[in-house]
file target.cif (mmCIF, C-alpha atoms)
data_model
loop_
_atom_site.label_atom_id
_atom_site.label_comp_id
_atom_site.auth_asym_id
_atom_site.auth_seq_id
_atom_site.Cartn_x
_atom_site.Cartn_y
_atom_site.Cartn_z
CA MET P 4 -56.92 -75.36 29.88
CA THR P 5 -55.15 -76.47 33.06
CA ASP P 6 -51.71 -75.28 34.05
CA ALA P 7 -50.37 -78.82 33.56
CA ALA P 8 -51.83 -78.95 30.05
CA SER P 9 -50.38 -75.54 29.31
CA ARG P 10 -46.93 -76.63 30.44
CA GLU P 11 -47.17 -79.76 28.29
CA ASP P 12 -48.22 -77.77 25.23
CA ILE P 13 -45.51 -75.16 25.74
CA ALA P 14 -42.92 -77.95 26.01
CA ALA P 15 -44.36 -79.50 22.84
CA VAL P 16 -44.07 -76.16 21.03
CA GLU P 17 -40.42 -75.88 22.03
CA LYS P 18 -39.81 -79.42 20.75
CA CYS P 19 -41.64 -78.65 17.51
CA ALA P 20 -39.63 -75.48 16.90
CA ALA P 21 -36.38 -77.35 17.58
CA SER P 22 -37.39 -80.21 15.27
CA PHE P 23 -38.20 -77.93 12.36
CA ALA P 24 -35.05 -75.90 13.00
CA ASN P 25 -33.22 -79.18 12.39
CA VAL P 26 -35.23 -79.68 9.18
CA LYS P 27 -34.21 -76.22 7.95
CA LYS P 28 -30.58 -76.96 8.86
CA GLU P 29 -30.70 -80.18 6.83
CA LEU P 30 -32.26 -78.37 3.86
CA GLU P 31 -29.44 -75.81 3.93
CA LYS P 32 -27.08 -78.62 2.88
CA VAL P 33 -28.76 -78.63 -0.52
CA ILE P 34 -30.97 -75.55 -0.85
CA VAL P 35 -29.40 -72.07 -0.87
CA GLY P 36 -31.72 -69.28 0.33
CA GLN P 37 -35.49 -69.58 -0.27
CA LYS P 38 -36.09 -69.23 3.50
CA ASP P 39 -39.57 -67.74 3.05
CA VAL P 40 -40.57 -70.48 0.62
CA ILE P 41 -39.34 -73.20 2.98
CA GLU P 42 -41.20 -71.65 5.91
CA GLN P 43 -44.43 -71.38 3.90
CA VAL P 44 -44.21 -75.03 2.80
CA LEU P 45 -43.66 -76.15 6.40
CA VAL P 46 -46.53 -73.94 7.57
CA ALA P 47 -48.85 -75.61 5.04
CA MET P 48 -47.80 -79.05 6.27
CA LEU P 49 -48.35 -78.16 9.93
CA ALA P 50 -51.74 -76.67 9.08
CA ARG P 51 -52.68 -80.00 7.39
CA GLY P 52 -52.94 -78.46 3.95
CA HIS P 53 -51.43 -78.63 0.49
CA ALA P 54 -49.30 -76.08 -1.32
CA LEU P 55 -48.86 -74.98 -4.93
CA LEU P 56 -45.41 -73.65 -5.86
CA GLU P 57 -45.04 -71.49 -8.94
CA GLY P 58 -41.82 -70.24 -10.48
CA VAL P 59 -39.88 -70.15 -13.72
CA PRO P 60 -37.77 -73.20 -14.64
CA GLY P 61 -34.50 -73.75 -12.83
CA LEU P 62 -35.42 -72.33 -9.40
CA ALA P 63 -35.07 -75.72 -7.67
CA LYS P 64 -38.78 -76.20 -6.91
CA THR P 65 -38.58 -79.94 -7.48
CA LEU P 66 -35.27 -80.19 -5.61
CA LEU P 67 -36.76 -78.30 -2.67
CA ILE P 68 -39.73 -80.65 -2.37
CA SER P 69 -37.65 -83.82 -2.74
CA SER P 70 -35.21 -82.45 -0.16
CA ILE P 71 -38.07 -81.86 2.29
CA ALA P 72 -39.12 -85.46 1.70
CA ASP P 73 -35.57 -86.58 2.53
CA ALA P 74 -35.67 -84.62 5.81
CA LEU P 75 -38.94 -86.28 6.85
CA GLN P 76 -39.26 -89.99 7.59
CA MET P 77 -42.25 -90.44 5.30
CA SER P 78 -42.99 -92.24 2.04
CA PHE P 79 -42.51 -90.02 -1.02
CA LYS P 80 -43.73 -90.28 -4.60
CA ARG P 81 -43.18 -87.99 -7.56
CA ILE P 82 -45.83 -87.75 -10.29
CA GLN P 83 -44.79 -86.05 -13.52
CA PHE P 84 -47.99 -84.66 -15.01
CA THR P 85 -48.30 -84.93 -18.78
CA PRO P 86 -51.15 -84.39 -21.28
CA ASP P 87 -51.72 -88.13 -21.65
CA LEU P 88 -51.88 -88.93 -17.91
CA MET P 89 -55.14 -90.64 -16.92
CA PRO P 90 -56.85 -90.51 -13.48
CA SER P 91 -56.22 -94.22 -12.89
CA ASP P 92 -52.49 -93.62 -13.49
CA ILE P 93 -52.33 -91.68 -10.25
CA THR P 94 -55.16 -93.11 -8.11
CA GLY P 95 -54.68 -96.79 -8.96
CA THR P 96 -56.86 -99.36 -10.66
CA GLU P 97 -58.55 -102.70 -10.10
CA ILE P 98 -57.06 -105.79 -11.71
CA ILE P 99 -58.44 -109.30 -12.05
CA GLN P 100 -56.47 -111.80 -10.01
CA GLU P 101 -56.98 -115.52 -9.53
CA ASP P 102 -57.23 -116.81 -5.96
CA LEU P 103 -54.64 -119.60 -5.56
CA GLU P 104 -56.89 -121.63 -3.24
CA THR P 105 -60.39 -121.22 -4.68
CA LYS P 106 -59.22 -120.67 -8.29
CA GLN P 107 -61.83 -117.94 -8.54
CA ARG P 108 -61.09 -114.67 -10.23
CA VAL P 109 -61.51 -111.61 -8.03
CA TYR P 110 -60.88 -107.92 -8.40
CA LYS P 111 -57.92 -106.56 -6.47
CA PHE P 112 -57.11 -102.88 -6.09
CA LEU P 113 -53.62 -101.91 -7.17
CA PRO P 114 -52.74 -98.60 -5.46
CA GLY P 115 -51.34 -95.79 -7.57
CA PRO P 116 -48.57 -93.33 -6.68
CA LEU P 117 -51.01 -91.20 -4.67
CA PHE P 118 -50.68 -93.71 -1.85
CA ALA P 119 -47.77 -92.04 -0.10
CA ASN P 120 -47.34 -89.48 2.67
CA LEU P 121 -45.75 -86.77 0.53
CA ILE P 122 -46.65 -86.31 -3.14
CA LEU P 123 -44.75 -84.13 -5.58
CA ALA P 124 -47.23 -83.21 -8.31
CA ASP P 125 -44.79 -81.85 -10.86
CA GLU P 126 -46.22 -79.40 -13.44
CA ILE P 127 -49.82 -80.06 -12.45
CA ASN P 128 -51.05 -77.60 -15.07
CA ARG P 129 -49.81 -79.85 -17.91
CA THR P 130 -52.42 -82.57 -17.39
CA PRO P 131 -56.08 -82.50 -18.53
CA PRO P 132 -58.89 -81.35 -16.20
CA LYS P 133 -60.14 -84.91 -15.66
CA THR P 134 -56.83 -85.98 -14.12
CA GLN P 135 -56.52 -82.68 -12.23
CA ALA P 136 -59.99 -83.29 -10.77
CA ALA P 137 -59.00 -86.78 -9.57
CA MET P 138 -55.91 -85.30 -7.93
CA LEU P 139 -57.80 -82.50 -6.26
CA GLU P 140 -60.53 -84.87 -5.05
CA ALA P 141 -57.86 -86.94 -3.32
CA MET P 142 -56.44 -83.78 -1.77
CA GLN P 143 -59.81 -82.70 -0.40
CA GLU P 144 -61.31 -86.05 0.67
CA ARG P 145 -57.99 -87.81 1.41
CA GLN P 146 -59.33 -90.88 -0.34
CA VAL P 147 -59.71 -92.24 -3.87
CA SER P 148 -62.55 -94.11 -5.49
CA ALA P 149 -62.01 -97.11 -7.75
CA GLY P 150 -64.48 -99.77 -8.89
CA GLY P 151 -67.18 -98.43 -6.60
CA SER P 152 -64.96 -98.70 -3.51
CA ARG P 153 -63.28 -95.99 -1.50
CA HIS P 154 -59.69 -96.30 -0.39
CA ARG P 155 -58.27 -94.08 2.34
CA LEU P 156 -54.95 -92.39 1.73
CA PRO P 157 -52.20 -92.70 4.36
CA GLU P 158 -51.77 -90.12 7.10
CA PRO P 159 -50.16 -87.67 7.07
CA PHE P 160 -50.89 -86.81 3.45
CA PHE P 161 -49.46 -83.75 1.69
CA VAL P 162 -49.48 -82.65 -1.91
CA LEU P 163 -46.83 -80.16 -2.98
CA ALA P 164 -47.58 -79.23 -6.59
CA THR P 165 -45.51 -77.15 -8.98
CA GLN P 166 -46.46 -75.20 -12.05
CA ASN P 167 -44.54 -73.16 -14.59
CA PRO P 168 -45.91 -69.66 -15.34
CA LEU P 169 -44.23 -69.72 -18.77
CA GLU P 170 -45.13 -71.68 -21.91
CA GLN P 171 -48.88 -71.63 -21.34
CA GLU P 172 -49.54 -73.16 -24.76
CA GLY P 173 -50.59 -76.79 -24.31
CA THR P 174 -51.31 -76.39 -20.59
CA TYR P 175 -54.54 -76.69 -18.62
CA PRO P 176 -54.61 -73.83 -16.06
CA LEU P 177 -56.24 -74.74 -12.77
CA PRO P 178 -59.67 -73.08 -12.38
CA GLU P 179 -60.08 -70.70 -9.45
CA ALA P 180 -62.40 -73.14 -7.66
CA GLN P 181 -59.71 -75.82 -7.81
CA LEU P 182 -56.92 -73.41 -6.87
CA ASP P 183 -58.90 -72.76 -3.69
CA ARG P 184 -58.21 -76.37 -2.64
CA PHE P 185 -54.58 -75.44 -2.09
CA LEU P 186 -54.02 -73.98 1.34
CA LEU P 187 -51.13 -71.81 0.14
CA TYR P 188 -50.08 -70.55 -3.29
CA ILE P 189 -46.34 -69.98 -2.98
CA LYS P 190 -44.34 -67.91 -5.45
CA VAL P 191 -40.71 -68.96 -5.90
CA GLY P 192 -38.53 -66.04 -6.97
CA TYR P 193 -35.02 -65.64 -8.30
CA PRO P 194 -32.14 -65.98 -5.81
CA THR P 195 -30.06 -63.00 -4.72
CA GLY P 196 -26.68 -62.44 -6.31
CA ALA P 197 -24.83 -64.00 -3.36
CA GLU P 198 -27.18 -66.99 -3.29
CA GLU P 199 -26.78 -67.64 -7.02
CA TRP P 200 -23.00 -67.43 -6.63
CA GLU P 201 -23.15 -70.06 -3.86
CA VAL P 202 -25.44 -72.30 -5.94
CA ALA P 203 -22.97 -72.19 -8.83
CA ARG P 204 -20.05 -72.94 -6.50
CA ARG P 205 -21.73 -75.92 -4.85
CA VAL P 206 -23.12 -77.52 -7.99
CA THR P 207 -20.00 -77.14 -10.14
CA THR P 208 -17.65 -78.41 -7.40
CA GLY P 209 -19.87 -81.26 -6.20
CA ALA P 210 -20.14 -79.71 -2.74
CA MET P 211 -23.76 -80.77 -2.20
CA GLY P 212 -24.51 -82.27 1.20
CA LYS P 213 -26.57 -85.35 2.08
CA ILE P 214 -29.82 -84.78 3.92
CA SER P 215 -30.73 -86.90 6.96
CA ALA P 216 -34.30 -87.62 8.06
CA VAL P 217 -35.06 -85.84 11.34
CA ILE P 218 -38.88 -85.93 11.79
CA SER P 219 -41.26 -88.88 11.48
CA GLY P 220 -44.80 -88.92 10.14
CA GLU P 221 -46.16 -89.66 13.62
CA GLU P 222 -44.44 -86.54 14.96
CA ILE P 223 -45.95 -84.46 12.14
CA ILE P 224 -49.45 -85.69 13.08
CA GLY P 225 -48.76 -84.77 16.71
CA TYR P 226 -47.62 -81.27 15.72
CA GLN P 227 -50.74 -80.83 13.56
CA LYS P 228 -52.88 -81.58 16.62
CA LEU P 229 -50.79 -79.11 18.58
CA VAL P 230 -51.58 -76.41 16.00
CA ASN P 231 -55.28 -76.96 16.68
CA ARG P 232 -54.71 -76.30 20.39
CA VAL P 233 -52.89 -72.99 19.87
CA PRO P 234 -55.15 -70.24 21.25
CA VAL P 235 -56.18 -67.34 19.03
CA SER P 236 -57.14 -63.98 20.51
CA ASP P 237 -60.13 -62.01 19.24
CA GLN P 238 -57.69 -59.42 17.89
CA VAL P 239 -55.89 -61.97 15.69
CA LEU P 240 -59.11 -63.68 14.61
CA GLY P 241 -60.71 -60.29 13.98
CA TYR P 242 -57.80 -59.09 11.85
CA ALA P 243 -57.93 -62.22 9.66
CA TRP P 244 -61.72 -61.92 9.44
CA ALA P 245 -61.49 -58.21 8.52
CA LEU P 246 -58.92 -58.86 5.75
CA VAL P 247 -61.15 -61.43 4.09
CA ARG P 248 -64.33 -59.40 4.49
CA ALA P 249 -62.61 -56.34 3.04
CA SER P 250 -61.42 -58.30 -0.01
CA ARG P 251 -64.97 -58.56 -1.40
CA PRO P 252 -65.92 -55.72 -3.77
CA GLY P 253 -69.32 -54.13 -3.40
CA THR P 254 -69.62 -54.86 0.32
CA LYS P 255 -69.72 -52.30 3.11
CA GLU P 256 -66.35 -53.52 4.44
CA ALA P 257 -64.54 -53.14 1.10
CA PRO P 258 -62.09 -50.21 0.87
CA GLU P 259 -61.85 -48.07 -2.25
CA VAL P 260 -58.88 -50.00 -3.70
CA VAL P 261 -60.86 -53.25 -3.62
CA ASN P 262 -63.95 -51.76 -5.26
CA LYS P 263 -61.72 -50.21 -7.91
CA TRP P 264 -59.43 -53.13 -8.77
CA SER P 265 -61.11 -56.38 -7.65
CA SER P 266 -63.54 -58.72 -9.44
CA TRP P 267 -64.22 -60.93 -6.44
CA GLY P 268 -62.76 -61.59 -3.02
CA ALA P 269 -61.91 -64.51 -0.78
CA GLY P 270 -64.54 -66.84 0.64
CA PRO P 271 -64.79 -68.15 4.21
CA ARG P 272 -61.97 -70.60 3.52
CA GLY P 273 -59.70 -67.55 3.39
CA VAL P 274 -60.32 -66.80 7.07
CA LEU P 275 -59.74 -70.43 8.04
CA THR P 276 -56.48 -70.45 6.08
CA LEU P 277 -55.18 -67.23 7.63
CA VAL P 278 -55.92 -68.37 11.17
CA SER P 279 -54.64 -71.96 10.84
CA CYS P 280 -51.47 -70.85 9.03
CA ALA P 281 -50.83 -68.08 11.58
CA LYS P 282 -51.05 -70.69 14.35
CA ALA P 283 -48.71 -73.04 12.46
CA ARG P 284 -46.19 -70.25 11.91
CA ALA P 285 -46.35 -69.39 15.60
CA ILE P 286 -45.29 -72.84 16.77
CA LEU P 287 -42.63 -73.02 14.04
CA ASN P 288 -41.13 -69.97 15.74
CA GLY P 289 -41.50 -71.43 19.24
CA ARG P 290 -44.61 -69.51 20.34
CA PHE P 291 -47.83 -70.95 21.76
CA HIS P 292 -49.85 -67.97 20.56
CA ALA P 293 -50.50 -66.46 17.14
CA THR P 294 -50.13 -62.76 16.44
CA THR P 295 -51.35 -60.33 13.79
CA GLY P 296 -47.76 -60.42 12.51
CA ASP P 297 -48.21 -64.11 11.76
CA VAL P 298 -51.39 -63.30 9.83
CA GLN P 299 -49.54 -60.67 7.80
CA ALA P 300 -46.68 -63.09 7.07
CA VAL P 301 -49.02 -65.66 5.51
CA ALA P 302 -51.51 -63.25 3.91
CA LYS P 303 -49.99 -63.24 0.41
CA PRO P 304 -49.68 -67.02 -0.10
CA ALA P 305 -53.04 -67.53 1.61
CA LEU P 306 -55.03 -64.96 -0.39
CA ARG P 307 -53.30 -64.39 -3.75
CA HIS P 308 -55.23 -67.28 -5.36
CA ARG P 309 -58.49 -66.40 -3.61
CA ILE P 310 -58.72 -62.84 -4.92
CA ALA P 311 -59.22 -61.90 -8.57
CA VAL P 312 -58.40 -58.52 -10.07
CA ASN P 313 -60.49 -56.94 -12.83
CA TYR P 314 -59.43 -55.84 -16.33
CA ALA P 315 -58.72 -52.30 -15.16
CA ALA P 316 -56.25 -53.63 -12.60
CA GLN P 317 -54.53 -55.81 -15.19
CA ALA P 318 -54.20 -52.82 -17.51
CA ASN P 319 -52.49 -50.94 -14.67
CA ASP P 320 -50.13 -53.82 -13.83
CA ILE P 321 -51.90 -54.61 -10.56
CA ASN P 322 -52.13 -58.31 -9.71
CA SER P 323 -53.74 -60.09 -6.78
CA GLU P 324 -50.52 -59.96 -4.77
CA LYS P 325 -50.34 -56.16 -5.02
CA LEU P 326 -54.01 -56.01 -4.09
CA VAL P 327 -53.33 -58.02 -0.92
CA GLU P 328 -50.58 -55.50 -0.07
CA MET P 329 -53.03 -52.60 -0.56
CA LEU P 330 -55.56 -54.45 1.55
CA MET P 331 -53.14 -54.80 4.46
CA GLN P 332 -52.20 -51.13 4.17
CA SER P 333 -55.85 -50.13 4.41
CA LEU P 334 -56.48 -52.28 7.50
CA PRO P 335 -54.08 -51.53 10.40
CA ALA P 336 -53.26 -54.63 12.45
CA ASP P 337 -53.51 -52.64 15.71
CA ARG P 338 -57.11 -51.56 15.10
CA LYS P 339 -59.53 -53.05 17.63
CA TYR P 340 -61.57 -55.83 16.05
CA GLU P 341 -64.69 -57.23 17.69
CA LYS P 342 -67.26 -59.84 16.80
CA PRO P 343 -70.09 -58.17 14.88
CA ALA P 344 -73.64 -58.12 16.22
CA GLU P 345 -76.05 -60.66 14.77
#

call {"tool": "encode", "arguments": {"input": "target.cif", "output": "structure tokens"}}
result
Amino acid sequence: MTDAASREDIAAVEKCAASFANVKKELEKVIVGQKDVIEQVLVAMLARGHALLEGVPGLAKTLLISSIADALQMSFKRIQFTPDLMPSDITGTEIIQEDLETKQRVYKFLPGPLFANLILADEINRTPPKTQAAMLEAMQERQVSAGGSRHRLPEPFFVLATQNPLEQEGTYPLPEAQLDRFLLYIKVGYPTGAEEWEVARRVTTGAMGKISAVISGEEIIGYQKLVNRVPVSDQVLGYAWALVRASRPGTKEAPEVVNKWSSWGAGPRGVLTLVSCAKARAILNGRFHATTGDVQAVAKPALRHRIAVNYAAQANDINSEKLVEMLMQSLPADRKYEKPAE
């Protein structure tokens, strides 16, 4: 990389950090707290991925996503997933239409709500697997198929899905293989006492602000390309690689806690997620280099749905999130990591 290119990229990083600082400032008009959740959603978007948000009802998951849509100059659609929702309801369908000139009947594709830049997939676990599969295919391929034809989805394209961990009766939990399609699995927790007080004050007095759009879709695409250009040192890459390798029970890299509590570990997509999200977090914070601290900051949302605990762990109240914590404790970030020999 030339010095001129470096200066241009560093200037672009500063602009990106300032732009997203404005986004966060706009979100503060409506959303109280949830800074980690907001950062993780923005990281997923910069890393050109999708995010799944999970939390009990009433934690403003839907409000958060719609507020992000308001802060971005992009088309937005909300899909409320229900048990009777069909794949064509979200992807679109072909209709017969008569040509006014030739009077011949032809098939015309009528796009569904998936044809937008930002999609809110509300309660995605309440729709049958067939519709979930159509949604996840669109997320992976960024296109939909209808009537034997493929239709590209607009760029940028993000899916922010929500699911409720309660009331599992009548739901269709996402299989692990489909969960892996989400770049980040974000847990939305309860607000602090002070935050909940402020929420009550704002809502009951009508003191909610109006969000202004501050970033365009074209700028988002440019920032995504910038993320790809962020350099990653062998130490950062090696730490992400070591975390994923160590998450697999029965391997030589696995520590005792993994062999004891884990059923299976993360695949290669886990390494890609850690590195790309660490780079995205770096430029969000105005840095043109990723650090092991960035990897640690995204490790839980990046790996919690890619690691499964066994029955013994469940009996001892150990979930995948706690296992990721144990994994990071067993692998110091300052250890020297090198590319293994062939």

call {"tool": "resolve_selection", "arguments": {"input": "target.cif", "expression": "the PyMOL selection byres ((chain P and resi 132) around 10)", "output": "ChimeraX atom specification"}}
result
/P:86,90,127-131,133-138,175-178

call {"tool": "residues_around", "arguments": {"input": "target.cif", "residues": "Leu277 in chain P", "least_positions_apart": "2", "cutoff": "8 Å", "atoms": "all atoms listed in the file", "output": "ChimeraX atom specification"}}
result
/P:243,273-275,279-281,298,301-302,305

call {"tool": "closest_atom_pairs", "arguments": {"input": "target.cif", "of": "range 172-212 of chain P", "to": "range 319-337 of chain P", "cutoff": "12 Å", "atoms": "all atoms listed in the file", "output": "tab-separated table"}}
result
residue	atom	partner	partner_atom	distance
P:Tyr188	CA	P:Glu324	CA	10.7
P:Ile189	CA	P:Glu324	CA	11.0
P:Lys190	CA	P:Glu324	CA	10.1

call {"tool": "closest_atom_pairs", "arguments": {"input": "target.cif", "of": "range 128-216 of chain P", "to": "range 33-43 of chain P", "cutoff": "9 Å", "atoms": "all atoms listed in the file", "output": "CSV"}}
result
residue,atom,partner,partner_atom,distance
P:Leu187,CA,P:Gln43,CA,7.7
P:Ile189,CA,P:Val40,CA,6.8
P:Lys190,CA,P:Val40,CA,7.6
P:Val191,CA,P:Val40,CA,6.7
P:Gly192,CA,P:Gln37,CA,8.2
P:Tyr193,CA,P:Gln37,CA,9.0
P:Pro194,CA,P:Gly36,CA,7.0
P:Thr195,CA,P:Gly36,CA,8.2
P:Glu198,CA,P:Val35,CA,6.0
P:Glu199,CA,P:Val35,CA,8.0
P:Glu201,CA,P:Val35,CA,7.2
P:Val202,CA,P:Val35,CA,6.4
P:Arg205,CA,P:Val33,CA,8.7
P:Ala210,CA,P:Val33,CA,9.0
P:Met211,CA,P:Val33,CA,5.7
P:Gly212,CA,P:Val33,CA,5.9
P:Lys213,CA,P:Val33,CA,7.5
P:Ile214,CA,P:Val33,CA,7.7

call {"tool": "resolve_selection", "arguments": {"input": "target.cif", "expression": "the PyMOL selection byres ((chain P and resi 286-297) around 10)", "output": "PyMOL selection string"}}
result
chain P and resi 9+12-24+42+45-46+49+226+229-230+232-236+238-243+277-285+298-302+335-337

call {"tool": "residues_around", "arguments": {"input": "target.cif", "residues": "Ala249 in chain P", "least_positions_apart": "3", "cutoff": "9 Å", "atoms": "only C-alpha atoms", "output": "list in words"}}
result
Trp244, Ala245, Leu246, Pro252, Thr254, Lys255, Glu256, Ala257, Pro258, Val261, Gly268, Leu330 and Leu334 of chain P

call {"tool": "resolve_selection", "arguments": {"input": "target.cif", "expression": "the PyMOL selection byres ((chain P and resi 221) around 12)", "output": "list of chain:residue names"}}
result
P:Leu75, P:Gln76, P:Met77, P:Asn120, P:Pro157, P:Glu158, P:Pro159, P:Phe160, P:Val217, P:Ile218, P:Ser219, P:Gly220, P:Glu222, P:Ile223, P:Ile224, P:Gly225, P:Tyr226, P:Gln227, P:Lys228

call {"tool": "axis_aligned_box", "arguments": {"input": "target.cif", "around": "range 40-49 of chain P", "padding_each_side": "8 Å", "output": "AutoDock Vina command-line options"}}
result
--center_x -44.1 --center_y -74.8 --center_z 5.3 --size_x 25.5 --size_y 24.6 --size_z 25.3

call {"tool": "closest_residue", "arguments": {"input": "target.cif", "among": "P:Val44, P:Ala119, P:Lys303, P:Asn313", "to": "Trp264 in chain P", "atoms": "only C-alpha atoms"}}
result
P:Asn313

call {"tool": "closest_residue", "arguments": {"input": "target.cif", "among": "P:Ala180, P:Ala203, P:Leu62, P:Ile71", "to": "Gly270 in chain P", "atoms": "all atoms listed in the file"}}
result
P:Ala180

call {"tool": "residues_near_point", "arguments": {"input": "target.cif", "point": "(-54.6, -73.5, 0.9)", "cutoff": "7 Å", "atoms": "all atoms listed in the file", "output": "ChimeraX atom specification"}}
result
/P:52-54,183-188,276,305

call {"tool": "residues_around", "arguments": {"input": "target.cif", "residues": "range 109-117 of chain P", "least_positions_apart": "4", "cutoff": "7 Å", "atoms": "only C-alpha atoms", "output": "MDAnalysis selection string"}}
result
chainID P and resid 80 92:101 122

call {"tool": "closest_residue", "arguments": {"input": "target.cif", "among": "P:Leu123, P:Ala269, P:Ile310, P:Val162", "to": "Ser69 in chain P", "atoms": "only C-alpha atoms"}}
result
P:Leu123

call {"tool": "atom_distance", "arguments": {"input": "target.cif", "atom1": "CA of Val247 in chain P", "atom2": "CA of Ala47 in chain P"}}
result
18.8 Å

call {"tool": "closest_residue", "arguments": {"input": "target.cif", "among": "P:Gln143, P:Leu30, P:Asn167, P:Gln317", "to": "Gly61 in chain P", "atoms": "all atoms listed in the file"}}
result
P:Asn167

call {"tool": "atom_distance", "arguments": {"input": "target.cif", "atom1": "CA of Leu56 in chain P", "atom2": "CA of Arg251 in chain P"}}
result
25.1 Å

call {"tool": "atom_distance", "arguments": {"input": "target.cif", "atom1": "CA of Ala311 in chain P", "atom2": "CA of Ala50 in chain P"}}
result
24.2 Å

call {"tool": "closest_residue", "arguments": {"input": "target.cif", "among": "P:Ile68, P:Leu55, P:Val147, P:Ala318", "to": "Arg81 in chain P", "atoms": "all atoms listed in the file"}}
result
P:Ile68

call {"tool": "build_atoms", "arguments": {"input": "target.cif", "residues": "range 132-148 of chain P", "atoms": "N, CA and C atoms", "output": "mmCIF file, keeping the file's coordinate frame"}}
result
data_model
loop_
_atom_site.group_PDB
_atom_site.id
_atom_site.type_symbol
_atom_site.label_atom_id
_atom_site.label_comp_id
_atom_site.auth_asym_id
_atom_site.auth_seq_id
_atom_site.Cartn_x
_atom_site.Cartn_y
_atom_site.Cartn_z
ATOM 1 N N PRO P 132 -58.021 -81.599 -17.359
ATOM 2 C CA PRO P 132 -58.890 -81.350 -16.200
ATOM 3 C C PRO P 132 -59.385 -82.617 -15.510
ATOM 4 N N LYS P 133 -59.631 -83.679 -16.268
ATOM 5 C CA LYS P 133 -60.140 -84.910 -15.660
ATOM 6 C C LYS P 133 -59.134 -85.482 -14.663
ATOM 7 N N THR P 134 -57.865 -85.473 -15.021
ATOM 8 C CA THR P 134 -56.830 -85.980 -14.120
ATOM 9 C C THR P 134 -56.585 -84.988 -12.980
ATOM 10 N N GLN P 135 -56.639 -83.687 -13.288
ATOM 11 C CA GLN P 135 -56.520 -82.680 -12.230
ATOM 12 C C GLN P 135 -57.633 -82.857 -11.203
ATOM 13 N N ALA P 136 -58.848 -83.132 -11.670
ATOM 14 C CA ALA P 136 -59.990 -83.290 -10.770
ATOM 15 C C ALA P 136 -59.792 -84.498 -9.852
ATOM 16 N N ALA P 137 -59.265 -85.590 -10.386
ATOM 17 C CA ALA P 137 -59.000 -86.780 -9.570
ATOM 18 C C ALA P 137 -57.962 -86.467 -8.494
ATOM 19 N N MET P 138 -56.949 -85.689 -8.882
ATOM 20 C CA MET P 138 -55.910 -85.300 -7.930
ATOM 21 C C MET P 138 -56.479 -84.420 -6.829
ATOM 22 N N LEU P 139 -57.268 -83.445 -7.224
ATOM 23 C CA LEU P 139 -57.800 -82.500 -6.260
ATOM 24 C C LEU P 139 -58.872 -83.136 -5.373
ATOM 25 N N GLU P 140 -59.578 -84.136 -5.887
ATOM 26 C CA GLU P 140 -60.530 -84.870 -5.050
ATOM 27 C C GLU P 140 -59.785 -85.622 -3.949
ATOM 28 N N ALA P 141 -58.672 -86.238 -4.312
ATOM 29 C CA ALA P 141 -57.860 -86.940 -3.320
ATOM 30 C C ALA P 141 -57.322 -85.977 -2.267
ATOM 31 N N MET P 142 -56.940 -84.777 -2.703
ATOM 32 C CA MET P 142 -56.440 -83.780 -1.770
ATOM 33 C C MET P 142 -57.508 -83.364 -0.776
ATOM 34 N N GLN P 143 -58.738 -83.184 -1.256
ATOM 35 C CA GLN P 143 -59.810 -82.700 -0.400
ATOM 36 C C GLN P 143 -60.363 -83.800 0.503
ATOM 37 N N GLU P 144 -60.660 -84.968 -0.082
ATOM 38 C CA GLU P 144 -61.310 -86.050 0.670
ATOM 39 C C GLU P 144 -60.302 -86.988 1.328
ATOM 40 N N ARG P 145 -59.031 -86.912 0.914
ATOM 41 C CA ARG P 145 -57.990 -87.810 1.410
ATOM 42 C C ARG P 145 -58.371 -89.267 1.212
ATOM 43 N N GLN P 146 -58.966 -89.534 0.068
ATOM 44 C CA GLN P 146 -59.330 -90.880 -0.340
ATOM 45 C C GLN P 146 -59.488 -90.895 -1.860
ATOM 46 N N VAL P 147 -59.458 -92.091 -2.440
ATOM 47 C CA VAL P 147 -59.710 -92.240 -3.870
ATOM 48 C C VAL P 147 -60.792 -93.292 -4.061
ATOM 49 N N SER P 148 -61.492 -93.166 -5.165
ATOM 50 C CA SER P 148 -62.550 -94.110 -5.490
ATOM 51 C C SER P 148 -62.140 -94.914 -6.719
#
